[in-house]
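Colleague: Contents are mmCIF, C-alpha atoms; file name query20.cif:
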```
data_data
#
loop_
_atom_site.group_PDB
_atom_site.id
_atom_site.type_symbol
_atom_site.label_atom_id
_atom_site.label_comp_id
_atom_site.auth_asym_id
_atom_site.auth_seq_id
_atom_site.Cartn_x
_atom_site.Cartn_y
_atom_site.Cartn_z
ATOM 1 C CA MET A 1 -1.290 13.335 -69.704
ATOM 2 C CA ILE A 2 -4.409 11.231 -69.301
ATOM 3 C CA GLN A 3 -3.839 7.503 -68.772
ATOM 4 C CA PRO A 4 -6.208 4.500 -68.923
ATOM 5 C CA GLY A 5 -7.756 3.796 -65.533
ATOM 6 C CA GLU A 6 -8.079 7.445 -64.502
ATOM 7 C CA LEU A 7 -11.325 9.047 -63.388
ATOM 8 C CA VAL A 8 -12.268 12.001 -65.606
ATOM 9 C CA MET A 9 -14.958 14.650 -65.907
ATOM 10 C CA ILE A 10 -16.442 15.487 -69.320
ATOM 11 C CA THR A 11 -16.046 19.242 -69.931
ATOM 12 C CA ARG A 12 -17.949 19.512 -73.233
ATOM 13 C CA SER A 13 -21.626 18.623 -73.577
ATOM 14 C CA SER A 14 -22.732 16.295 -76.345
ATOM 15 C CA VAL A 15 -25.921 14.456 -77.250
ATOM 16 C CA GLY A 16 -26.890 12.352 -74.218
ATOM 17 C CA VAL A 17 -23.916 13.444 -72.075
ATOM 18 C CA THR A 18 -23.885 16.743 -70.192
ATOM 19 C CA ALA A 19 -20.789 18.634 -69.105
ATOM 20 C CA GLY A 20 -19.735 17.508 -65.628
ATOM 21 C CA THR A 21 -20.471 13.815 -66.240
ATOM 22 C CA ILE A 22 -17.953 11.414 -64.669
ATOM 23 C CA GLY A 23 -16.290 8.480 -66.428
ATOM 24 C CA PHE A 24 -13.295 6.112 -66.470
ATOM 25 C CA VAL A 25 -10.720 6.094 -69.250
ATOM 26 C CA LEU A 26 -10.636 2.602 -70.771
ATOM 27 C CA ARG A 27 -8.216 2.978 -73.695
ATOM 28 C CA LYS A 28 -6.035 5.517 -75.424
ATOM 29 C CA TYR A 29 -5.608 5.640 -79.220
ATOM 30 C CA LYS A 30 -3.061 7.623 -81.201
ATOM 31 C CA ARG A 31 -4.358 8.803 -84.573
ATOM 32 C CA ALA A 32 -2.182 10.380 -87.246
ATOM 33 C CA SER A 33 -3.567 12.910 -89.700
ATOM 34 C CA ALA A 34 -3.644 12.348 -93.445
ATOM 35 C CA THR A 35 -0.684 14.702 -93.885
ATOM 36 C CA GLY A 36 1.334 13.013 -91.147
ATOM 37 C CA ILE A 37 2.220 16.358 -89.569
ATOM 38 C CA THR A 38 -0.195 16.336 -86.624
ATOM 39 C CA SER A 39 -1.705 13.586 -84.541
ATOM 40 C CA ALA A 40 -4.575 13.342 -82.097
ATOM 41 C CA THR A 41 -5.026 11.164 -79.031
ATOM 42 C CA ILE A 42 -8.519 9.760 -78.633
ATOM 43 C CA TYR A 43 -9.715 8.373 -75.304
ATOM 44 C CA ASP A 44 -12.368 5.675 -74.917
ATOM 45 C CA VAL A 45 -14.329 6.705 -71.791
ATOM 46 C CA ASN A 46 -16.839 4.535 -69.920
ATOM 47 C CA ILE A 47 -19.528 6.853 -68.534
ATOM 48 C CA VAL A 48 -20.489 6.120 -64.912
ATOM 49 C CA GLY A 49 -24.114 5.028 -64.528
ATOM 50 C CA PRO A 50 -26.428 2.144 -65.330
ATOM 51 C CA ASP A 51 -26.423 1.005 -68.981
ATOM 52 C CA ARG A 52 -24.208 3.839 -70.238
ATOM 53 C CA PRO A 53 -22.101 2.983 -73.299
ATOM 54 C CA SER A 54 -18.481 4.040 -73.672
ATOM 55 C CA ARG A 55 -17.783 7.133 -75.789
ATOM 56 C CA ARG A 56 -14.706 8.631 -77.419
ATOM 57 C CA TYR A 57 -13.294 12.036 -76.504
ATOM 58 C CA LEU A 58 -10.284 14.212 -77.192
ATOM 59 C CA ALA A 59 -8.046 15.313 -74.310
ATOM 60 C CA ARG A 60 -9.395 18.885 -74.525
ATOM 61 C CA ASP A 61 -12.874 17.545 -73.610
ATOM 62 C CA LEU A 62 -11.683 15.768 -70.432
ATOM 63 C CA LYS A 63 -10.398 16.851 -67.023
ATOM 64 C CA VAL A 64 -8.671 14.377 -64.677
ATOM 65 C CA ILE A 65 -10.222 14.108 -61.209
ATOM 66 C CA LYS A 66 -7.563 13.696 -58.530
#
```
Can you give me the file's structure in the form of structure tokens?
Modeller:
Amino acid sequence: MIQPGELVMITRSSVGVTAGTIGFVLRKYKRASATGITSATIYDVNIVGPDRPSRRYLARDLKVIK
């Protein structure tokens, strides 16, 4: 389980962020689906580096660095 304050590595590339990029988890949001059967946890991640905005990821796109 990923918690705010942990150091993570991005495992899925996206526009402007390559796989292997490091970041800190700032917040964790729980989002329910429209049907109410499933839910997703979304993590607000601050990318390490100068002038890098925070981005949102699912748990499957992150790996905790210990």
Colleague: Can you list, as a PyMOL selection string, the residues that the PyMOL selection byres ((chain A and resi 21) around 12) selects here?
Modeller: chain A and resi 7-14+16-20+22-24+45-49+52+55+61-65
Colleague: First collect every listed atom of stretch 38-43 of chain A; then fit an axis-aligned box around them, widen it by 8 Å on each side, and give centre and edge lengths in Å to one decimal, as lines of an AutoDock Vina configuration file.
Modeller:
```
center_x = -5.0
center_y = 12.4
center_z = -81.0
size_x = 25.5
size_y = 24.0
size_z = 27.3
```
Colleague: In Å, with one decimal, what is the gap from atom CA of A:Arg27 to atom CA of A:Pro4?
Modeller: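 About the pair atom CA of A:Arg27 and atom CA of A:Pro4: they are 5.4 Å apart.
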Colleague: Applied to the shown file, which residues does the PyMOL selection byres ((chain A and resi 29-39) around 12) return, written as an MDAnalysis selection string?
Modeller: chainID A and resid 2:4 25:28 40:45 56:59
